[in-house]
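As stored in data18.txt (compact mmCIF, C-alpha atoms and all ligand atoms):
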# COMPACT_ATOMS: atom_id res chain seq x y z
CA MET A 1 84.59 150.08 44.22
CA ILE A 2 82.36 147.29 45.38
CA ARG A 3 81.90 144.32 43.13
CA HIS A 4 79.20 141.90 43.77
CA PRO A 5 80.97 138.55 43.74
CA ASP A 6 78.32 136.89 41.61
CA ALA A 7 77.85 139.67 39.11
CA ARG A 8 80.83 138.81 37.00
CA THR A 9 81.01 135.09 37.02
CA LYS A 10 79.29 132.27 35.25
CA THR A 11 80.85 129.73 37.55
CA THR A 12 78.22 127.68 39.24
CA PRO A 13 78.94 125.29 42.08
CA SER A 14 77.04 122.61 40.22
CA SER A 15 79.28 122.75 37.14
CA PRO A 16 80.98 119.36 36.79
CA PHE A 17 84.11 120.91 35.31
CA VAL A 18 85.19 123.25 38.10
CA VAL A 19 88.87 122.80 38.94
CA ASN A 20 90.25 124.11 42.19
CA VAL A 21 93.52 125.94 41.58
CA ALA A 22 94.31 127.06 45.15
CA ARG A 23 97.36 124.78 45.18
CA LEU A 24 99.04 126.93 42.57
CA GLY A 25 99.05 129.83 45.03
CA ARG A 26 99.33 132.43 42.27
CA ARG A 27 103.00 131.66 41.85
CA PRO A 28 103.84 132.00 38.15
CA GLY A 29 105.38 128.76 36.99
CA ALA A 30 103.55 126.62 39.54
CA MET A 31 101.94 123.72 37.76
CA MET A 32 99.73 120.77 38.47
CA SER A 33 98.41 118.03 36.29
CA LEU A 34 94.86 116.89 36.33
CA ALA A 35 93.99 113.43 35.05
CA GLU A 36 90.51 112.45 36.07
CA GLN A 37 87.01 111.68 34.91
CA ARG A 38 84.08 113.98 35.48
CA SER A 39 80.50 113.00 34.76
CA THR A 40 78.61 115.53 32.70
CA PRO A 41 74.99 116.04 33.77
CA VAL A 42 74.17 117.65 30.44
CA ARG A 43 74.46 116.64 26.81
CA ILE A 44 77.52 118.22 25.17
CA GLY A 45 77.57 118.50 21.41
CA LEU A 46 75.47 119.09 18.33
CA ASP A 47 71.98 118.11 17.18
CA LEU A 48 72.96 114.83 15.54
CA VAL A 49 75.89 113.77 17.71
CA ALA A 50 76.95 114.56 21.28
CA ILE A 51 78.41 113.29 24.53
CA PRO A 52 75.21 112.09 26.21
CA PRO A 53 74.23 113.17 29.74
CA ASP A 54 75.58 111.22 32.73
CA THR A 55 78.66 110.20 30.78
CA ALA A 56 82.21 110.16 32.11
CA VAL A 57 84.41 112.70 30.35
CA ASP A 58 88.18 112.24 30.54
CA LEU A 59 90.26 115.25 31.51
CA ASP A 60 93.98 115.05 30.88
CA LEU A 61 95.12 118.57 31.61
CA ARG A 62 98.01 120.68 32.68
CA VAL A 63 97.04 123.59 34.90
CA GLU A 64 99.68 126.26 35.38
CA SER A 65 99.92 129.63 36.96
CA VAL A 66 101.06 132.42 34.64
CA SER A 67 101.41 136.09 35.51
CA GLU A 68 97.90 136.99 34.31
CA GLY A 69 96.05 133.97 35.52
CA VAL A 70 95.78 130.23 35.16
CA LEU A 71 96.45 128.50 31.86
CA VAL A 72 94.71 125.19 31.28
CA SER A 73 95.90 123.04 28.41
CA GLY A 74 95.54 119.44 27.37
CA VAL A 75 93.05 116.96 26.08
CA VAL A 76 89.42 116.33 26.93
CA SER A 77 87.72 113.27 25.50
CA GLY A 78 84.53 111.30 25.82
CA PRO A 79 82.20 108.84 24.10
CA THR A 80 79.51 110.11 21.76
CA THR A 81 76.17 108.86 20.55
CA GLY A 82 74.14 110.15 17.66
CA GLU A 83 72.38 109.44 14.45
CA CYS A 84 73.81 108.93 10.96
CA ALA A 85 72.89 111.95 8.83
CA ARG A 86 72.25 109.71 5.79
CA CYS A 87 70.61 106.52 7.02
CA LEU A 88 69.34 107.87 10.39
CA GLN A 89 70.57 104.79 12.24
CA PRO A 90 72.07 105.19 15.73
CA LEU A 91 75.82 105.53 15.90
CA THR A 92 78.46 105.70 18.60
CA GLY A 93 81.94 107.16 18.61
CA ASP A 94 84.42 109.25 20.54
CA VAL A 95 85.40 112.86 20.54
CA GLU A 96 88.73 114.30 21.60
CA VAL A 97 89.45 118.01 21.84
CA GLU A 98 92.52 120.04 22.68
CA LEU A 99 92.02 122.85 25.13
CA THR A 100 94.18 125.89 25.68
CA GLU A 101 92.32 128.25 27.92
CA LEU A 102 93.45 131.19 30.00
CA PHE A 103 91.52 132.18 33.11
CA ALA A 104 92.44 135.64 34.33
CA TYR A 105 93.11 136.50 37.97
CA PRO A 106 90.49 138.90 39.33
CA ASP A 107 92.79 141.91 39.55
CA SER A 108 95.09 141.25 36.61
CA ALA A 109 95.54 143.52 33.59
CA THR A 110 93.70 140.91 31.55
CA ASP A 111 90.80 141.11 33.97
CA ALA A 112 90.71 144.88 33.53
CA THR A 113 90.90 144.85 29.75
CA THR A 114 88.77 141.91 28.65
CA ASP A 115 85.21 140.83 28.99
CA ASP A 116 84.56 137.60 30.82
CA ASP A 117 82.79 136.31 27.68
CA GLU A 118 86.17 136.37 25.93
CA ILE A 119 88.40 135.16 28.75
CA GLY A 120 87.25 133.21 31.77
CA ARG A 121 88.08 134.23 35.29
CA VAL A 122 89.61 132.58 38.30
CA VAL A 123 86.78 132.74 40.82
CA ASP A 124 87.25 131.72 44.44
CA ASP A 125 90.47 129.88 43.57
CA ALA A 126 88.67 127.82 40.93
CA VAL A 127 88.18 127.77 37.16
CA ASP A 128 85.18 126.38 35.34
CA LEU A 129 86.07 124.51 32.16
CA GLU A 130 82.50 123.78 31.14
CA GLN A 131 82.07 126.52 28.53
CA ALA A 132 85.49 125.84 27.01
CA ILE A 133 84.67 122.14 26.72
CA VAL A 134 81.21 122.78 25.26
CA ASP A 135 82.70 125.16 22.67
CA ALA A 136 85.58 122.86 21.70
CA VAL A 137 83.40 119.76 21.42
CA GLY A 138 80.86 121.68 19.33
CA LEU A 139 83.57 122.80 16.93
CA THR A 140 85.08 119.34 16.64
CA LEU A 141 82.04 117.14 16.12
CA PRO A 142 80.76 116.78 12.54
CA LEU A 143 77.55 118.58 11.62
CA SER A 144 76.62 115.55 9.52
CA PRO A 145 77.94 112.44 11.26
CA LEU A 146 78.02 109.23 9.21
CA CYS A 147 77.85 105.62 10.43
CA GLU A 148 80.37 104.74 7.71
CA PRO A 149 82.22 107.16 5.43
CA ASP A 150 80.46 105.61 2.40
CA CYS A 151 77.05 105.10 4.03
CA PRO A 152 74.64 104.68 1.09
CA GLY A 153 71.75 106.20 3.08
CA LEU A 154 68.10 105.43 2.51
CA CYS A 155 66.37 104.27 -0.67
CA PRO A 156 64.78 107.42 -2.11
CA ASP A 157 61.75 105.39 -3.25
CA CYS A 158 60.85 103.18 -0.32
CA GLY A 159 63.00 104.52 2.55
CA VAL A 160 64.68 101.20 3.36
CA VAL A 161 68.20 101.42 4.85
CA LEU A 162 70.28 100.60 1.77
CA ALA A 163 73.15 99.11 3.79
CA ASP A 164 70.69 96.49 5.09
CA ALA A 165 68.80 95.96 1.81
CA GLU A 166 69.56 93.26 -0.73
CA PRO A 167 72.49 94.06 -3.03
CA GLY A 168 71.46 96.22 -5.95
CA HIS A 169 68.17 97.19 -4.29
CA HIS A 170 66.23 99.36 -6.71
CA HIS A 171 62.78 99.86 -8.13
CA GLU A 172 61.76 99.40 -11.78
CA LYS A 173 60.66 102.75 -12.95
CA ILE A 174 58.85 103.29 -16.19
CA ASP A 175 58.24 106.66 -17.73
CA PRO A 176 54.46 107.21 -17.30
CA ARG A 177 54.17 107.99 -21.01
CA TRP A 178 55.31 104.44 -21.77
CA ALA A 179 53.44 102.73 -18.97
CA LYS A 180 50.27 102.17 -21.02
CA LEU A 181 52.27 100.80 -23.92
CA ALA A 182 54.17 98.45 -21.63
CA GLU A 183 50.89 97.25 -20.20
CA MET A 184 49.54 96.48 -23.68
CA ALA A 185 52.73 94.75 -24.72
CA GLY A 186 52.50 92.64 -21.58
CA ARG A 187 48.99 91.53 -22.56
CA GLN A 188 49.99 90.64 -26.07
CA ARG A 189 52.85 88.58 -24.80
CA SER A 190 50.62 86.49 -22.53
CA PRO A 191 48.41 84.35 -24.78
CA GLY A 192 47.42 82.27 -21.80
CA ALA A 193 45.75 85.26 -20.13
CA PRO A 194 42.24 84.62 -18.84
CA SER A 195 39.59 84.97 -21.52
CA SER A 196 37.66 87.48 -19.43
CA ASP A 197 40.36 89.90 -20.40
CA ASP A 198 39.25 89.61 -24.02
CA GLY A 199 35.63 89.89 -23.01
CA GLU A 200 36.20 93.47 -21.82
CA ARG A 201 36.88 94.67 -25.29
ZN ZN A 301 74.49 105.62 7.79
ZN ZN A 302 63.63 100.93 -2.19

Exercise: express the given structure as structure tokens:
Amino acid sequence: MIRHPDARTKTTPSSPFVVNVARLGRRPGAMMSLAEQRSTPVRIGLDLVAIPPDTAVDLDLRVESVSEGVLVSGVVSGPTTGECARCLQPLTGDVEVELTELFAYPDSATDATTDDDEIGRVVDDAVDLEQAIVDAVGLTLPLSPLCEPDCPGLCPDCGVVLADAEPGHHHEKIDPRWAKLAEMAGRQRSPGAPSSDDGER
């Protein structure tokens, strides 16, 4: 059977998260640690918060050979930027995810019985962590990030950022049915009102 080498891999040479595992030599039990920074060319995250492009992502990983493939485990972390879901102001933070990801050897039983969408593959003595990182970061980041846990958001009437507004910011609201009455009462209570006001009647 002839397999086209590119037909079954999503590994791209340009992926910033490719890890060469040739050192492990397919000896089960062989292990190496990987502590380094990789710059991501793409944004990783959700609509409102993500690791921005061209940002250094910290990899602190253990890479070990097991009988079926290469097991990568450890922590990936990086800075995030985004927008508060309530007040829409910019925010910054950090995200840290735990990875445990098996990459199957090309001719292992796992390779024969799983789809490469489910389990990644060791390709040309390398594994590509990009999809695993994208998935883990996406699951960890909040869908509705907040600048502060108790962010008061925006004033529903004028749209001002309430955290920056004067304390107790609010708008006098009068039921429209009473507005005319209040207007009349206001006139009666101002005897010094200009006489032209009386002239209208
Ligand atoms: Zn906010
Ligand atoms: Zn307001």

List as number ranges by chain the protein and nucleic acid residues near segment 115-122 of chain A, meaning an atom at most 6 Å away when all atoms listed in the file are counted, but skip any in the same chain fewer than 6 places from it.
A: 103-105

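You will find atom CA of Ser65 of chain A at 24.7 Å from atom CA of Val137 of chain A.
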
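Comparing the minimum interatomic distances between Leu162 of chain A and each of A:Leu88, A:Met31, A:Met184, A:Ala22, counting all atoms listed in the file, we find that A:Leu88 sits nearest.
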
With ligand ZN 302 (chain A) as the partner and 9 Å as the cut-off, tabulate the residues of chain A that qualify, each row holding the nearest pair of atoms and their distance in Å to one decimal, using all atoms listed in the file, sorted by chain and rising number, as a tab-separated table.
residue	atom	partner	partner_atom	distance
A:Leu154	CA	A:ZN302	ZN	7.9
A:Cys155	CA	A:ZN302	ZN	4.6
A:Pro156	CA	A:ZN302	ZN	6.6
A:Asp157	CA	A:ZN302	ZN	5.0
A:Cys158	CA	A:ZN302	ZN	4.0
A:Gly159	CA	A:ZN302	ZN	6.0
A:Val160	CA	A:ZN302	ZN	5.7
A:Val161	CA	A:ZN302	ZN	8.4
A:Leu162	CA	A:ZN302	ZN	7.7
A:Ala165	CA	A:ZN302	ZN	8.2
A:His169	CA	A:ZN302	ZN	6.2
A:His170	CA	A:ZN302	ZN	5.4
A:His171	CA	A:ZN302	ZN	6.1

Can you pull out every residue with an atom within 9 Å of ligand ZN 301 (chain A)? Use only C-alpha atoms and all ligand atoms and format it as a PyMOL selection string.
chain A and resi 83-91+145-154+161-163

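Taking atom CA of Val49 of chain A and atom CA of Thr140 of chain A as the two end points, the separation is 10.8 Å.
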